[in-house]
file input_34.pdb (PDB, C-alpha atoms)
ATOM      1  CA  MET A 133     -21.303 110.172  38.090
ATOM      2  CA  LYS A 134     -20.271 109.354  34.531
ATOM      3  CA  LYS A 135     -16.624 109.544  35.551
ATOM      4  CA  SER A 136     -17.164 106.860  38.221
ATOM      5  CA  VAL A 137     -18.798 104.445  35.798
ATOM      6  CA  GLY A 138     -15.883 104.783  33.402
ATOM      7  CA  ILE A 139     -13.384 103.965  36.134
ATOM      8  CA  VAL A 140     -15.286 100.774  37.009
ATOM      9  CA  LEU A 141     -15.440  99.614  33.439
ATOM     10  CA  THR A 142     -11.743 100.224  32.986
ATOM     11  CA  SER A 143     -10.982  98.148  36.077
ATOM     12  CA  LEU A 144     -13.084  95.208  34.846
ATOM     13  CA  ALA A 145     -11.358  95.240  31.494
ATOM     14  CA  THR A 146      -7.997  95.145  33.190
ATOM     15  CA  ILE A 147      -9.029  92.109  35.323
ATOM     16  CA  ILE A 148     -10.420  90.179  32.330
ATOM     17  CA  SER A 149      -7.260  90.873  30.386
ATOM     18  CA  ALA A 150      -5.122  89.592  33.232
ATOM     19  CA  CYS A 151      -7.105  86.365  33.493
ATOM     20  CA  GLY A 152      -6.620  85.691  29.817
ATOM     21  CA  THR A 153      -2.856  85.910  30.091
ATOM     22  CA  ASN A 154      -2.775  83.260  32.918
ATOM     23  CA  LYS A 155      -4.521  80.531  30.855
ATOM     24  CA  PRO A 156      -2.261  77.404  30.696
ATOM     25  CA  LYS A 157      -0.827  76.601  27.298
ATOM     26  CA  SER A 158      -1.707  73.194  25.727
ATOM     27  CA  THR A 159       1.238  70.756  25.096
ATOM     28  CA  PRO A 160       1.533  69.774  21.410
ATOM     29  CA  ALA A 161       1.377  65.970  20.549
ATOM     30  CA  PRO A 162       4.741  64.379  19.783
ATOM     31  CA  SER A 163       5.503  64.102  16.117
ATOM     32  CA  ARG A 164       5.927  60.698  14.323
ATOM     33  CA  SER A 165       9.669  61.193  14.232
ATOM     34  CA  GLU A 166       9.716  61.412  18.015
ATOM     35  CA  ASP A 167       7.718  58.140  18.338
ATOM     36  CA  GLN A 168      10.182  56.345  16.112
ATOM     37  CA  ALA A 169      13.067  57.735  18.072
ATOM     38  CA  GLN A 170      11.609  56.427  21.326
ATOM     39  CA  ALA A 171      10.451  52.934  20.210
ATOM     40  CA  GLY A 172      12.862  52.275  17.328
ATOM     41  CA  GLN A 173      12.007  50.519  14.083
ATOM     42  CA  LYS A 174      12.134  46.677  13.697
ATOM     43  CA  ALA A 175      14.755  45.579  11.213
ATOM     44  CA  PRO A 176      13.594  43.492   8.238
ATOM     45  CA  ALA A 177      14.107  39.661   8.437
ATOM     46  CA  GLY A 178      17.328  38.425   6.899
ATOM     47  CA  ALA A 179      17.269  36.532   3.644
ATOM     48  CA  ARG A 180      17.158  32.646   3.831
ATOM     49  CA  GLY A 181      20.408  30.962   2.980
ATOM     50  CA  GLU A 182      20.807  28.555   0.098
ATOM     51  CA  THR A 183      19.933  24.861   0.635
ATOM     52  CA  GLY A 184      23.021  22.714   1.186
ATOM     53  CA  SER A 185      23.959  20.129  -1.404
ATOM     54  CA  LYS A 186      22.693  16.566  -0.880
ATOM     55  CA  GLY A 187      25.280  14.066   0.307
ATOM     56  CA  ASP A 188      26.362  11.186  -1.858
ATOM     57  CA  ARG A 189      24.436   7.935  -1.445
ATOM     58  CA  GLY A 190      26.384   5.160   0.221
ATOM     59  CA  PRO A 191      27.176   1.926  -1.612
ATOM     60  CA  MET A 192      24.526  -0.775  -1.696
ATOM     61  CA  GLY A 193      25.283  -3.618   0.670
ATOM     62  CA  PRO A 194      25.557  -7.167  -0.686
ATOM     63  CA  GLY A 195      22.633  -9.485  -0.045
ATOM     64  CA  ASN A 196      20.407 -12.206  -1.358
ATOM     65  CA  ALA A 197      19.687 -10.203  -4.519
ATOM     66  CA  PHE A 198      23.173 -11.053  -5.757
ATOM     67  CA  PRO A 199      23.786 -14.765  -5.016
ATOM     68  CA  TYR A 200      26.889 -16.724  -5.890
ATOM     69  CA  GLN A 201      26.478 -19.916  -7.845
ATOM     70  CA  VAL A 202      28.005 -22.996  -6.248
ATOM     71  CA  THR A 203      29.570 -25.581  -8.527
ATOM     72  CA  ASP A 204      31.074 -28.890  -7.469
ATOM     73  CA  GLY A 205      34.376 -30.435  -8.511
ATOM     74  CA  ASN A 206      32.758 -31.780 -11.675
ATOM     75  CA  GLY A 207      31.614 -28.321 -12.732
ATOM     76  CA  ALA A 208      27.921 -29.022 -12.037
ATOM     77  CA  GLY A 209      25.852 -26.177 -10.572
ATOM     78  CA  ILE A 210      24.360 -27.357  -7.281
ATOM     79  CA  GLY A 211      22.904 -24.205  -5.721
ATOM     80  CA  ASP A 212      23.370 -20.599  -4.672
ATOM     81  CA  ALA A 213      25.116 -18.930  -1.758
ATOM     82  CA  THR A 214      24.680 -15.408  -0.405
ATOM     83  CA  TRP A 215      27.516 -12.994   0.294
ATOM     84  CA  ASP A 216      27.880 -14.484   3.772
ATOM     85  CA  GLY A 217      28.432 -17.958   2.306
ATOM     86  CA  PHE A 218      30.856 -16.576  -0.260
ATOM     87  CA  SER A 219      32.829 -14.826   2.485
ATOM     88  CA  LYS A 220      33.060 -17.982   4.616
ATOM     89  CA  PHE A 221      34.011 -20.037   1.568
ATOM     90  CA  ASN A 222      36.948 -17.701   0.925
ATOM     91  CA  GLN A 223      38.000 -18.154   4.540
ATOM     92  CA  GLY A 224      38.013 -21.931   4.053
ATOM     93  CA  THR A 225      35.331 -22.471   6.697
ATOM     94  CA  VAL A 226      31.991 -24.260   6.734
ATOM     95  CA  PHE A 227      29.284 -22.384   4.814
ATOM     96  CA  SER A 228      25.662 -22.841   3.791
ATOM     97  CA  PHE A 229      24.022 -22.659   0.393
ATOM     98  CA  GLU A 230      20.568 -23.208  -1.004
ATOM     99  CA  SER A 231      20.378 -26.282  -3.184
ATOM    100  CA  LEU A 232      18.390 -26.303  -6.414
ATOM    101  CA  ASP A 233      15.269 -27.602  -4.639
ATOM    102  CA  GLY A 234      15.405 -25.011  -1.829
ATOM    103  CA  ALA A 235      16.943 -27.100   0.938
ATOM    104  CA  ILE A 236      19.644 -25.332   2.951
ATOM    105  CA  PHE A 237      22.812 -27.427   2.833
ATOM    106  CA  THR A 238      25.721 -26.751   5.184
ATOM    107  CA  VAL A 239      28.942 -28.142   3.763
ATOM    108  CA  ASN A 240      32.574 -28.610   4.702
ATOM    109  CA  PRO A 241      34.328 -27.146   1.604
ATOM    110  CA  THR A 242      37.377 -29.360   2.149
ATOM    111  CA  THR A 243      35.606 -32.726   2.331
ATOM    112  CA  GLY A 244      32.232 -32.070   0.662
ATOM    113  CA  PHE A 245      30.368 -33.638   3.593
ATOM    114  CA  TYR A 246      27.374 -32.223   5.426
ATOM    115  CA  ALA A 247      28.620 -30.044   8.260
ATOM    116  CA  GLY A 248      25.427 -28.855   9.921
ATOM    117  CA  THR A 249      24.659 -29.145  13.614
ATOM    118  CA  ALA A 250      21.191 -30.713  13.215
ATOM    119  CA  TYR A 251      21.070 -34.450  13.940
ATOM    120  CA  CYS A 252      18.298 -36.962  14.470
ATOM    121  CA  LEU A 253      17.078 -38.299  17.791
ATOM    122  CA  TYR A 254      15.210 -41.622  17.921
ATOM    123  CA  ALA A 255      12.667 -43.174  20.232
ATOM    124  CA  ALA A 256      14.328 -46.564  19.644
ATOM    125  CA  ASN A 257      17.739 -47.316  21.155
ATOM    126  CA  ASP A 258      19.330 -48.316  17.828
ATOM    127  CA  CYS A 259      18.810 -45.158  15.737
ATOM    128  CA  THR A 260      15.910 -46.599  13.766
ATOM    129  CA  GLY A 261      12.470 -45.165  13.176
ATOM    130  CA  THR A 262      11.354 -41.582  12.668
ATOM    131  CA  CYS A 263      13.948 -38.823  12.806
ATOM    132  CA  LEU A 264      13.177 -36.369  15.628
ATOM    133  CA  ASN A 265      14.810 -33.009  16.119
ATOM    134  CA  PRO A 266      14.587 -30.116  18.631
ATOM    135  CA  VAL A 267      14.344 -27.576  15.833
ATOM    136  CA  SER A 268      13.669 -23.964  16.701
ATOM    137  CA  PRO A 269      10.036 -22.891  16.144
ATOM    138  CA  GLY A 270       9.573 -21.329  12.714
ATOM    139  CA  SER A 271      12.598 -23.005  11.148
ATOM    140  CA  SER A 272      12.113 -24.360   7.661
ATOM    141  CA  ASN A 273      14.021 -25.802   4.687
ATOM    142  CA  ILE A 274      16.760 -27.195   6.923
ATOM    143  CA  LEU A 275      18.466 -30.546   6.512
ATOM    144  CA  VAL A 276      18.912 -32.920   9.449
ATOM    145  CA  MET A 277      21.544 -35.653   9.438
ATOM    146  CA  GLY A 278      20.221 -39.102  10.300
ATOM    147  CA  ARG A 279      21.995 -42.414  10.802
ATOM    148  CA  THR A 280      21.805 -43.355   7.148
ATOM    149  CA  SER A 281      20.547 -40.309   5.264
ATOM    150  CA  LEU A 282      19.630 -36.641   5.388
ATOM    151  CA  PHE A 283      16.095 -35.560   6.261
ATOM    152  CA  TRP A 284      14.410 -32.393   5.066
ATOM    153  CA  LEU A 285      12.261 -30.236   7.324
ATOM    154  CA  ARG A 286      10.376 -28.243   4.699
ATOM    155  CA  SER A 287       8.101 -26.094   6.838
ATOM    156  CA  PRO A 288       7.585 -25.083  10.479
ATOM    157  CA  THR A 289       6.149 -27.801  12.686
ATOM    158  CA  THR A 290       4.736 -27.734  16.208
ATOM    159  CA  ARG A 291       7.005 -29.280  18.795
ATOM    160  CA  THR A 292       5.658 -31.857  21.247
ATOM    161  CA  LEU A 293       7.177 -33.463  24.332
ATOM    162  CA  GLN A 294       8.626 -36.791  23.174
ATOM    163  CA  SER A 295      11.034 -39.422  24.465
ATOM    164  CA  TYR A 296      14.237 -40.501  22.748
ATOM    165  CA  ALA A 297      16.762 -43.217  23.573
ATOM    166  CA  SER A 298      19.422 -42.872  20.834
ATOM    167  CA  TYR A 299      20.811 -40.294  18.454
ATOM    168  CA  SER A 300      22.922 -40.018  15.318
ATOM    169  CA  ILE A 301      26.345 -38.488  15.797
ATOM    170  CA  ASP A 302      29.152 -37.306  13.525
ATOM    171  CA  ASN A 303      31.798 -40.036  13.425
ATOM    172  CA  GLY A 304      34.526 -37.585  12.415
ATOM    173  CA  SER A 305      34.996 -38.922   8.897
ATOM    174  CA  GLY A 306      31.955 -37.502   7.153
ATOM    175  CA  GLY A 307      29.518 -40.210   8.206
ATOM    176  CA  THR A 308      27.418 -40.835  11.312
ATOM    177  CA  SER A 309      27.346 -43.316  14.123
ATOM    178  CA  CYS A 310      24.632 -44.244  16.628
ATOM    179  CA  GLY A 311      24.898 -43.004  20.173
ATOM    180  CA  VAL A 312      22.786 -44.386  22.972
ATOM    181  CA  ALA A 313      21.389 -42.223  25.737
ATOM    182  CA  GLY A 314      21.922 -43.308  29.317
ATOM    183  CA  GLY A 315      18.176 -43.755  29.614
ATOM    184  CA  PRO A 316      14.980 -42.554  27.963
ATOM    185  CA  SER A 317      14.973 -38.758  27.911
ATOM    186  CA  GLN A 318      12.221 -36.319  27.103
ATOM    187  CA  GLU A 319      12.512 -33.172  25.029
ATOM    188  CA  TRP A 320      10.348 -30.892  22.912
ATOM    189  CA  LEU A 321      10.814 -32.371  19.435
ATOM    190  CA  VAL A 322       9.357 -32.371  15.935
ATOM    191  CA  ALA A 323       9.149 -35.355  13.619
ATOM    192  CA  VAL A 324      11.155 -35.024  10.382
ATOM    193  CA  PRO A 325       9.851 -38.001   8.410
ATOM    194  CA  ASP A 326      10.882 -37.022   4.879
ATOM    195  CA  ALA A 327      14.270 -38.273   3.708
ATOM    196  CA  TRP A 328      15.875 -35.735   1.387
ATOM    197  CA  VAL A 329      15.698 -36.752  -2.272
ATOM    198  CA  LYS A 330      18.761 -35.098  -3.784
ATOM    199  CA  PRO A 331      18.159 -32.866  -6.822
ATOM    200  CA  GLN A 332      19.209 -34.248 -10.192
ATOM    201  CA  GLY A 333      22.957 -33.906 -10.641
ATOM    202  CA  PHE A 334      23.627 -33.557  -6.913
ATOM    203  CA  VAL A 335      26.322 -36.014  -5.837
ATOM    204  CA  TYR A 336      26.993 -36.766  -2.175
ATOM    205  CA  PRO A 337      29.567 -36.398  -0.749
ATOM    206  CA  ILE A 338      29.878 -33.312  -2.913
ATOM    207  CA  PRO A 339      32.909 -33.593  -5.233
ATOM    208  CA  VAL A 340      35.585 -31.032  -4.375
ATOM    209  CA  PRO A 341      37.032 -28.534  -4.996
ATOM    210  CA  LEU A 342      33.971 -26.313  -4.802
ATOM    211  CA  LYS A 343      33.772 -23.030  -6.653
ATOM    212  CA  LEU A 344      31.608 -19.978  -6.109
ATOM    213  CA  GLU A 345      31.021 -17.465  -8.865
ATOM    214  CA  LYS A 346      28.773 -14.448  -8.874
ATOM    215  CA  ALA A 347      25.534 -15.202 -10.685
ATOM    216  CA  LEU A 348      24.823 -12.957 -13.682
TER     217      LEU A 348
END
call {"tool": "encode", "arguments": {"input": "input_34.pdb", "output": "structure tokens"}}
result
Amino acid sequence: MKKSVGIVLTSLATIISACGTNKPKSTPAPSRSEDQAQAGQKAPAGARGETGSKGDRGPMGPGNAFPYQVTDGNGAGIGDATWDGFSKFNQGTVFSFESLDGAIFTVNPTTGFYAGTAYCLYAANDCTGTCLNPVSPGSSNILVMGRTSLFWLRSPTTRTLQSYASYSIDNGSGGTSCGVAGGPSQEWLVAVPDAWVKPQGFVYPIPVPLKLEKAL
């Protein structure tokens, strides 16, 4: 009887031992070196390059800040011209300058006569009465050539629809003549009632030769 019990116990021990040897082994976690090998490491950002040198500043363009003084044939200063006027003067063409009182005078440098394109229109048929002109809105300080004198439009004026029957016209020798319209015509005009009072020392026609020198 005791021998039988010992055999049974021996058998159970053998079975338990066998079961223990069949237990699955646990897989170890990958090391940090393996993670890095799989995903790779991000490279550090490159250093920022040096800021490029600033380019040289271009030359300042000529303008109204550097006017040229206009003198007549007698050596009298009569106004100032911008670079544009100076350039046209050197080309021997018509140019404009600002007289001492602020009026813009357009002159023929060869003859000294007014050479603008603004002329008077008149309601009368004999070039008498108020000077009218189809000046552009906003224009100011321009001179208008009438039959007997120059007129000065100092500031912008509202245009109104008016009739005219005659007009002053360049006679080709520095003066003006009266032209008569074929009939009364209507146009948007402004009245230019003020005859230009020439600044002291201003002689008209302007004595030539004219000179332009850069103002200091």
call {"tool": "resolve_selection", "arguments": {"input": "input_34.pdb", "expression": "the PyMOL selection byres ((chain A and resi 297-310) around 6)", "output": "list in words"}}
result
Phe245, Cys252, Leu253, Tyr254, Ala255, Ala256, Asn257, Cys259, Gly278, Arg279, Tyr296, Gly311, Val312, Ala313 and Pro316 of chain A
call {"tool": "residues_near_point", "arguments": {"input": "input_34.pdb", "point": "(38.2, -34.0, 3.4)", "cutoff": "10 Å", "atoms": "all atoms listed in the file", "output": "PyMOL selection string"}}
result
chain A and resi 240-245+305-306+337+340
call {"tool": "atom_distance", "arguments": {"input": "input_34.pdb", "atom1": "atom CA of Ala235 of chain A", "atom2": "atom CA of Ile274 of chain A"}}
result
6.0 Å
call {"tool": "resolve_selection", "arguments": {"input": "input_34.pdb", "expression": "the PyMOL selection byres ((chain A and resi 225) around 12)", "output": "list in words"}}
result
Asp216, Gly217, Phe218, Ser219, Lys220, Phe221, Asn222, Gln223, Gly224, Val226, Phe227, Ser228, Thr238, Val239, Asn240, Pro241, Thr242, Thr243, Gly244 and Ala247 of chain A
call {"tool": "closest_residue", "arguments": {"input": "input_34.pdb", "among": "A:Leu342, A:Gly261, A:Ser231, A:Trp284", "to": "Gly205 of chain A", "atoms": "all atoms listed in the file"}}
result
A:Leu342
call {"tool": "atom_distance", "arguments": {"input": "input_34.pdb", "atom1": "atom CA of Lys343 of chain A", "atom2": "atom CA of Leu285 of chain A"}}
result
26.6 Å
call {"tool": "atom_distance", "arguments": {"input": "input_34.pdb", "atom1": "atom CA of Val322 of chain A", "atom2": "atom CA of Gly211 of chain A"}}
result
26.8 Å
